[in-house]
>>> print(open('input-v5.cif').read())   # mmCIF, C-alpha atoms
data_work
loop_
_atom_site.label_atom_id
_atom_site.label_comp_id
_atom_site.auth_asym_id
_atom_site.auth_seq_id
_atom_site.Cartn_x
_atom_site.Cartn_y
_atom_site.Cartn_z
CA MET I 1 46.86 17.58 48.94
CA GLY I 2 46.81 20.68 46.72
CA MET I 3 47.89 24.16 47.67
CA THR I 4 45.51 26.69 49.19
CA ASP I 5 44.28 29.50 46.93
CA GLN I 6 46.65 31.89 48.75
CA ASP I 7 49.65 29.60 48.17
CA LEU I 8 48.64 29.17 44.54
CA ILE I 9 48.39 32.93 44.03
CA LYS I 10 51.82 33.51 45.59
CA GLU I 11 53.42 30.76 43.50
CA CYS I 12 51.71 31.96 40.31
CA ILE I 13 53.00 35.50 40.95
CA ASP I 14 56.46 33.89 41.05
CA ASN I 15 55.69 32.21 37.70
CA ASN I 16 55.92 28.68 39.13
CA PRO I 17 54.76 26.39 36.28
CA LYS I 18 53.49 23.67 38.66
CA ALA I 19 51.34 26.22 40.48
CA GLN I 20 50.05 27.61 37.19
CA LYS I 21 49.09 24.10 36.07
CA GLU I 22 47.36 23.44 39.40
CA LEU I 23 45.42 26.72 39.17
CA TYR I 24 44.38 25.87 35.62
CA ASP I 25 43.40 22.31 36.53
CA ARG I 26 41.41 23.56 39.52
CA PHE I 27 39.26 26.07 37.59
CA ALA I 28 39.43 25.26 33.85
CA SER I 29 36.48 22.89 33.55
CA LYS I 30 34.06 25.17 35.43
CA MET I 31 35.31 28.19 33.46
CA MET I 32 34.91 26.27 30.20
CA GLY I 33 31.20 26.06 31.02
CA VAL I 34 31.10 29.83 31.52
CA SER I 35 33.04 30.42 28.30
CA TYR I 36 30.84 28.05 26.31
CA ARG I 37 27.67 30.00 27.15
CA TYR I 38 29.03 32.99 25.25
CA ALA I 39 30.82 31.19 22.43
CA SER I 40 29.46 30.22 19.03
CA SER I 41 31.37 26.93 19.01
CA GLN I 42 33.40 24.67 21.26
CA GLU I 43 36.52 25.83 19.42
CA GLU I 44 35.76 29.47 20.21
CA ALA I 45 35.00 28.57 23.84
CA LYS I 46 38.46 26.97 24.09
CA ASP I 47 40.04 30.11 22.59
CA ILE I 48 38.19 32.32 25.07
CA LEU I 49 39.27 30.08 27.95
CA GLN I 50 42.90 30.13 26.81
CA ASP I 51 42.90 33.93 26.38
CA ALA I 52 41.25 34.32 29.79
CA PHE I 53 43.86 32.18 31.56
CA ILE I 54 46.66 34.14 29.88
CA LYS I 55 45.05 37.24 31.42
CA VAL I 56 44.61 35.47 34.78
CA PHE I 57 48.32 34.61 34.94
CA GLY I 58 49.29 38.11 33.77
CA ARG I 59 47.09 39.83 36.35
CA ILE I 60 47.25 37.44 39.31
CA GLY I 61 49.37 39.93 41.24
CA SER I 62 46.48 42.40 41.16
CA PHE I 63 44.01 39.95 42.77
CA LYS I 64 42.75 41.69 45.89
CA LYS I 65 41.57 39.10 48.36
CA GLU I 66 38.19 40.86 48.65
CA GLY I 67 36.26 38.08 46.92
CA SER I 68 36.89 34.49 45.96
CA LEU I 69 39.63 33.57 43.53
CA GLU I 70 37.03 31.63 41.53
CA GLY I 71 34.80 34.71 41.25
CA TRP I 72 37.76 36.82 40.11
CA ILE I 73 38.71 34.26 37.45
CA ARG I 74 35.06 33.95 36.36
CA ARG I 75 34.85 37.72 35.82
CA ILE I 76 37.96 37.60 33.62
CA VAL I 77 36.45 34.73 31.61
CA VAL I 78 33.16 36.62 31.15
CA ASN I 79 34.98 39.83 30.15
CA THR I 80 37.15 37.87 27.69
CA ALA I 81 33.98 36.34 26.24
CA LEU I 82 32.40 39.80 25.91
CA ASP I 83 35.52 40.98 24.07
CA SER I 84 35.10 38.04 21.73
CA ILE I 85 31.42 38.91 21.16
CA ARG I 86 32.35 42.48 20.31
CA LYS I 87 34.80 41.12 17.72
CA ARG I 88 32.21 38.85 16.10
CA LYS I 89 28.91 40.67 16.28
CA LYS I 90 27.21 38.30 13.83
CA ASP I 91 28.13 35.04 15.56
CA LYS I 92 25.79 32.98 17.67
CA GLN I 93 26.00 32.31 21.38
CA ASN I 94 25.32 29.16 23.29
CA VAL I 95 24.06 28.38 26.72
CA SER I 96 25.21 25.18 28.41
CA LEU I 97 22.78 22.36 29.00
CA THR I 98 23.13 22.68 32.76
CA GLU I 99 22.09 26.35 32.52
CA ALA I 100 19.17 25.34 30.31
CA GLU I 101 18.13 22.83 32.96
CA HIS I 102 18.46 25.55 35.62
CA LEU I 103 16.29 27.88 33.55
CA ALA I 104 13.83 25.08 32.88
CA SER I 105 13.41 24.64 36.64
CA ASN I 106 13.00 28.39 37.19
CA LYS I 107 9.36 29.24 37.94
CA ASP I 108 9.14 31.53 34.87
CA TYR I 109 10.00 28.59 32.65
CA ILE I 110 8.37 25.61 34.33
CA ILE I 111 6.66 23.76 31.56
CA GLU I 112 6.63 20.11 32.42
CA ASN I 113 6.80 18.75 28.89
CA LEU I 114 9.63 21.03 27.76
CA SER I 115 13.02 19.32 27.95
CA ALA I 116 16.28 21.12 28.71
CA GLU I 117 17.39 20.32 25.15
CA ASP I 118 14.31 22.09 23.76
CA LEU I 119 15.00 25.12 25.92
CA LEU I 120 18.64 25.13 24.83
CA GLN I 121 17.52 25.20 21.19
CA MET I 122 15.17 28.10 21.98
CA LEU I 123 17.91 30.07 23.70
CA LYS I 124 20.10 29.69 20.63
CA THR I 125 17.47 31.54 18.57
CA ILE I 126 17.38 34.68 20.76
CA PRO I 127 19.05 37.62 18.97
CA ILE I 128 22.63 38.11 20.17
CA GLY I 129 22.09 41.45 21.92
CA TYR I 130 19.21 40.11 23.98
CA ARG I 131 21.03 36.84 24.63
CA THR I 132 24.16 38.55 25.92
CA VAL I 133 22.15 40.62 28.41
CA PHE I 134 20.05 37.58 29.34
CA ASN I 135 23.21 35.53 30.05
CA LEU I 136 24.82 38.31 32.08
CA TYR I 137 21.72 39.14 34.13
CA ALA I 138 19.82 35.86 34.55
CA ILE I 139 22.75 33.46 34.61
CA GLU I 140 25.85 35.40 35.73
CA GLY I 141 23.97 37.63 38.18
CA TYR I 142 25.37 40.94 36.93
CA SER I 143 23.35 44.08 37.71
CA HIS I 144 21.94 46.14 34.83
CA LYS I 145 24.44 48.85 35.74
CA GLU I 146 27.37 46.40 35.45
CA ILE I 147 25.98 45.11 32.14
CA ALA I 148 25.59 48.64 30.83
CA ASP I 149 29.18 49.49 31.80
CA SER I 150 30.53 46.26 30.27
CA LEU I 151 28.70 46.61 26.97
CA GLY I 152 28.82 50.38 26.61
CA ILE I 153 25.02 50.74 26.69
CA THR I 154 22.64 52.48 29.08
CA GLU I 155 21.06 50.75 32.06
CA ASN I 156 17.64 51.22 30.45
CA THR I 157 18.87 49.52 27.27
CA SER I 158 20.09 46.58 29.37
CA LYS I 159 16.72 46.33 31.15
CA SER I 160 14.89 46.65 27.85
CA GLN I 161 17.00 43.94 26.16
CA TYR I 162 16.48 41.63 29.14
CA SER I 163 12.70 42.19 28.93
CA ARG I 164 12.78 41.55 25.20
CA ALA I 165 14.77 38.34 25.73
CA LYS I 166 12.16 37.11 28.23
CA ALA I 167 9.32 38.10 25.89
CA PHE I 168 11.08 36.35 23.01
CA LEU I 169 11.34 33.18 25.12
CA ARG I 170 7.70 33.43 26.24
CA ASN I 171 6.57 33.75 22.60
CA LEU I 172 8.62 30.70 21.65
CA LEU I 173 7.12 28.76 24.57
CA GLU I 174 3.62 29.75 23.49
CA GLN I 175 4.37 28.61 19.94
CA TYR I 176 5.27 25.23 21.41
CA GLU I 177 1.61 25.00 22.55
CA ILE I 178 2.44 22.65 25.39
CA ASP I 179 -0.53 21.52 27.49
#
>>> encode(input="input-v5.cif", output="structure tokens")
Amino acid sequence: MGMTDQDLIKECIDNNPKAQKELYDRFASKMMGVSYRYASSQEEAKDILQDAFIKVFGRIGSFKKEGSLEGWIRRIVVNTALDSIRKRKKDKQNVSLTEAEHLASNKDYIIENLSAEDLLQMLKTIPIGYRTVFNLYAIEGYSHKEIADSLGITENTSKSQYSRAKAFLRNLLEQYEID
């Protein structure tokens, strides 16, 4: 049986390689999905994940047990991905198929004949600024204030970009002319 999160944290603070491997094994695949939503390629998603885990191990001593360890790691992965986006403003982002399926089941996007793959392709065409805000708000659950702080924009800009992302998606759905 594996260690508890608390034991893992303590052992990782002590730089125990077995504990670090267990922490990585426990969270890497879920965090790869998070990373991949923001990355332009699988290779970049792997780089983001690796950079994020380096930060996780470097900062594990500052984890305050106020939330879940998974949530804390997820925030580091998202922030690492945002850093990557800032470095490559022209690159494209991706959304994972499971998120596309989630969005497809959301009442705003229920269109019976639209597959998750089709929605994924649509999401790839949203301009990067809108897509970043859409990912953070609709998928990660960040508030517009948190998004504004993370991206160095105003709350109103975040709300506006989210609205534009939804409008962009609606227009694409209408172009599909699905009955």
>>> resolve_selection(input="input-v5.cif", expression="the PyMOL selection byres ((chain I and resi 58-67) around 9)", output="list in words")
Gln6, Ile9, Lys10, Cys12, Ile13, Phe53, Ile54, Lys55, Val56, Phe57, Ser68, Leu69, Glu70, Gly71 and Trp72 of chain I
>>> closest_residue(input="input-v5.cif", among="I:Ser40, I:Val78, I:Met122, I:Ala19", to="I:Ile147", atoms="only C-alpha atoms")
I:Val78
>>> resolve_selection(input="input-v5.cif", expression="the PyMOL selection byres ((chain I and resi 39) around 8)", output="ChimeraX atom specification")
/I:35-38,40-42,44-45,48,81,85,92-94
>>> atom_distance(input="input-v5.cif", atom1="atom CA of I:Leu169", atom2="atom CA of I:Ser29")
28.4 Å
>>> resolve_selection(input="input-v5.cif", expression="the PyMOL selection byres ((chain I and resi 133) around 12)", output="JSON, numbers by chain")
{"I": [38, 82, 85, 93, 126, 127, 128, 129, 130, 131, 132, 134, 135, 136, 137, 138, 139, 140, 141, 142, 143, 144, 145, 146, 147, 148, 149, 150, 151, 152, 153, 154, 155, 156, 157, 158, 159, 160, 161, 162, 163, 164, 165, 166]}
>>> decode(input="input-v5.cif", residues="stretch 129-175 of chain I", atoms="N, CA and C atoms", output="mmCIF file, in the first residue's frame")
data_model
loop_
_atom_site.group_PDB
_atom_site.id
_atom_site.type_symbol
_atom_site.label_atom_id
_atom_site.label_comp_id
_atom_site.auth_asym_id
_atom_site.auth_seq_id
_atom_site.Cartn_x
_atom_site.Cartn_y
_atom_site.Cartn_z
ATOM 1 N N GLY I 129 -5.924 33.828 -27.160
ATOM 2 C CA GLY I 129 -6.333 34.616 -25.990
ATOM 3 C C GLY I 129 -7.676 34.159 -25.450
ATOM 4 N N TYR I 130 -8.630 33.969 -26.355
ATOM 5 C CA TYR I 130 -9.955 33.505 -25.952
ATOM 6 C C TYR I 130 -9.867 32.094 -25.370
ATOM 7 N N ARG I 131 -9.071 31.247 -26.043
ATOM 8 C CA ARG I 131 -8.968 29.852 -25.653
ATOM 9 C C ARG I 131 -8.371 29.702 -24.262
ATOM 10 N N THR I 132 -7.374 30.517 -23.963
ATOM 11 C CA THR I 132 -6.733 30.451 -22.647
ATOM 12 C C THR I 132 -7.753 30.783 -21.564
ATOM 13 N N VAL I 133 -8.491 31.870 -21.750
ATOM 14 C CA VAL I 133 -9.511 32.262 -20.778
ATOM 15 C C VAL I 133 -10.607 31.201 -20.703
ATOM 16 N N PHE I 134 -11.022 30.680 -21.855
ATOM 17 C CA PHE I 134 -12.055 29.639 -21.888
ATOM 18 C C PHE I 134 -11.603 28.419 -21.082
ATOM 19 N N ASN I 135 -10.370 27.962 -21.312
ATOM 20 C CA ASN I 135 -9.819 26.825 -20.557
ATOM 21 C C ASN I 135 -9.823 27.104 -19.057
ATOM 22 N N LEU I 136 -9.312 28.273 -18.681
ATOM 23 C CA LEU I 136 -9.181 28.592 -17.255
ATOM 24 C C LEU I 136 -10.541 28.716 -16.578
ATOM 25 N N TYR I 137 -11.504 29.347 -17.252
ATOM 26 C CA TYR I 137 -12.807 29.590 -16.634
ATOM 27 C C TYR I 137 -13.725 28.374 -16.731
ATOM 28 N N ALA I 138 -13.943 27.888 -17.954
ATOM 29 C CA ALA I 138 -14.932 26.825 -18.167
ATOM 30 C C ALA I 138 -14.429 25.453 -17.736
ATOM 31 N N ILE I 139 -13.136 25.213 -17.861
ATOM 32 C CA ILE I 139 -12.623 23.878 -17.590
ATOM 33 C C ILE I 139 -11.921 23.803 -16.238
ATOM 34 N N GLU I 140 -11.048 24.772 -15.934
ATOM 35 C CA GLU I 140 -10.312 24.739 -14.663
ATOM 36 C C GLU I 140 -11.117 25.303 -13.498
ATOM 37 N N GLY I 141 -12.119 26.135 -13.792
ATOM 38 C CA GLY I 141 -12.945 26.685 -12.729
ATOM 39 C C GLY I 141 -12.356 27.910 -12.036
ATOM 40 N N TYR I 142 -11.407 28.562 -12.678
ATOM 41 C CA TYR I 142 -10.846 29.790 -12.112
ATOM 42 C C TYR I 142 -11.898 30.898 -12.181
ATOM 43 N N SER I 143 -11.833 31.859 -11.271
ATOM 44 C CA SER I 143 -12.717 33.025 -11.342
ATOM 45 C C SER I 143 -12.104 34.018 -12.337
ATOM 46 N N HIS I 144 -12.900 34.967 -12.809
ATOM 47 C CA HIS I 144 -12.369 35.977 -13.725
ATOM 48 C C HIS I 144 -11.295 36.814 -13.033
ATOM 49 N N LYS I 145 -11.423 37.021 -11.725
ATOM 50 C CA LYS I 145 -10.399 37.759 -10.997
ATOM 51 C C LYS I 145 -9.083 36.990 -10.988
ATOM 52 N N GLU I 146 -9.145 35.674 -10.724
ATOM 53 C CA GLU I 146 -7.926 34.851 -10.733
ATOM 54 C C GLU I 146 -7.294 34.824 -12.126
ATOM 55 N N ILE I 147 -8.133 34.739 -13.153
ATOM 56 C CA ILE I 147 -7.627 34.734 -14.528
ATOM 57 C C ILE I 147 -6.943 36.064 -14.826
ATOM 58 N N ALA I 148 -7.598 37.153 -14.447
ATOM 59 C CA ALA I 148 -7.033 38.479 -14.679
ATOM 60 C C ALA I 148 -5.669 38.605 -14.004
ATOM 61 N N ASP I 149 -5.584 38.160 -12.749
ATOM 62 C CA ASP I 149 -4.311 38.230 -12.016
ATOM 63 C C ASP I 149 -3.244 37.367 -12.682
ATOM 64 N N SER I 150 -3.621 36.166 -13.112
ATOM 65 C CA SER I 150 -2.660 35.240 -13.733
ATOM 66 C C SER I 150 -2.124 35.760 -15.062
ATOM 67 N N LEU I 151 -2.994 36.371 -15.847
ATOM 68 C CA LEU I 151 -2.616 36.777 -17.200
ATOM 69 C C LEU I 151 -2.229 38.247 -17.305
ATOM 70 N N GLY I 152 -2.360 38.981 -16.204
ATOM 71 C CA GLY I 152 -2.017 40.398 -16.245
ATOM 72 C C GLY I 152 -2.984 41.210 -17.089
ATOM 73 N N ILE I 153 -4.280 40.853 -17.015
ATOM 74 C CA ILE I 153 -5.323 41.579 -17.738
ATOM 75 C C ILE I 153 -6.376 42.015 -16.712
ATOM 76 N N THR I 154 -7.360 42.785 -17.154
ATOM 77 C CA THR I 154 -8.417 43.185 -16.225
ATOM 78 C C THR I 154 -9.483 42.093 -16.161
ATOM 79 N N GLU I 155 -10.286 42.138 -15.096
ATOM 80 C CA GLU I 155 -11.393 41.192 -14.968
ATOM 81 C C GLU I 155 -12.351 41.324 -16.150
ATOM 82 N N ASN I 156 -12.618 42.575 -16.553
ATOM 83 C CA ASN I 156 -13.531 42.794 -17.676
ATOM 84 C C ASN I 156 -12.979 42.207 -18.963
ATOM 85 N N THR I 157 -11.660 42.279 -19.159
ATOM 86 C CA THR I 157 -11.055 41.674 -20.346
ATOM 87 C C THR I 157 -11.250 40.165 -20.304
ATOM 88 N N SER I 158 -11.072 39.564 -19.129
ATOM 89 C CA SER I 158 -11.269 38.121 -18.981
ATOM 90 C C SER I 158 -12.710 37.752 -19.335
ATOM 91 N N LYS I 159 -13.673 38.492 -18.774
ATOM 92 C CA LYS I 159 -15.090 38.222 -19.055
ATOM 93 C C LYS I 159 -15.390 38.390 -20.543
ATOM 94 N N SER I 160 -14.826 39.435 -21.124
ATOM 95 C CA SER I 160 -15.045 39.727 -22.532
ATOM 96 C C SER I 160 -14.448 38.614 -23.403
ATOM 97 N N GLN I 161 -13.239 38.159 -23.076
ATOM 98 C CA GLN I 161 -12.615 37.097 -23.878
ATOM 99 C C GLN I 161 -13.380 35.787 -23.725
ATOM 100 N N TYR I 162 -13.902 35.523 -22.537
ATOM 101 C CA TYR I 162 -14.708 34.323 -22.342
ATOM 102 C C TYR I 162 -15.985 34.399 -23.189
ATOM 103 N N SER I 163 -16.642 35.553 -23.184
ATOM 104 C CA SER I 163 -17.849 35.754 -24.001
ATOM 105 C C SER I 163 -17.535 35.576 -25.483
ATOM 106 N N ARG I 164 -16.405 36.140 -25.899
ATOM 107 C CA ARG I 164 -16.017 36.030 -27.303
ATOM 108 C C ARG I 164 -15.715 34.577 -27.669
ATOM 109 N N ALA I 165 -15.095 33.834 -26.750
ATOM 110 C CA ALA I 165 -14.811 32.413 -27.005
ATOM 111 C C ALA I 165 -16.124 31.654 -27.196
ATOM 112 N N LYS I 166 -17.106 31.917 -26.326
ATOM 113 C CA LYS I 166 -18.409 31.244 -26.451
ATOM 114 C C LYS I 166 -19.092 31.638 -27.752
ATOM 115 N N ALA I 167 -19.029 32.926 -28.099
ATOM 116 C CA ALA I 167 -19.649 33.389 -29.345
ATOM 117 C C ALA I 167 -18.957 32.747 -30.549
ATOM 118 N N PHE I 168 -17.651 32.650 -30.480
ATOM 119 C CA PHE I 168 -16.862 32.024 -31.545
ATOM 120 C C PHE I 168 -17.313 30.571 -31.731
ATOM 121 N N LEU I 169 -17.472 29.863 -30.608
ATOM 122 C CA LEU I 169 -17.931 28.472 -30.669
ATOM 123 C C LEU I 169 -19.348 28.380 -31.227
ATOM 124 N N ARG I 170 -20.236 29.272 -30.761
ATOM 125 C CA ARG I 170 -21.624 29.259 -31.256
ATOM 126 C C ARG I 170 -21.663 29.460 -32.771
ATOM 127 N N ASN I 171 -20.844 30.429 -33.249
ATOM 128 C CA ASN I 171 -20.800 30.685 -34.697
ATOM 129 C C ASN I 171 -20.317 29.459 -35.454
ATOM 130 N N LEU I 172 -19.305 28.789 -34.923
ATOM 131 C CA LEU I 172 -18.820 27.571 -35.569
ATOM 132 C C LEU I 172 -19.912 26.502 -35.590
ATOM 133 N N LEU I 173 -20.634 26.371 -34.475
ATOM 134 C CA LEU I 173 -21.707 25.376 -34.398
ATOM 135 C C LEU I 173 -22.813 25.686 -35.402
ATOM 136 N N GLU I 174 -23.121 26.977 -35.552
ATOM 137 C CA GLU I 174 -24.138 27.367 -36.527
ATOM 138 C C GLU I 174 -23.672 27.070 -37.948
ATOM 139 N N GLN I 175 -22.378 27.262 -38.208
ATOM 140 C CA GLN I 175 -21.846 26.966 -39.540
ATOM 141 C C GLN I 175 -21.941 25.488 -39.855
#
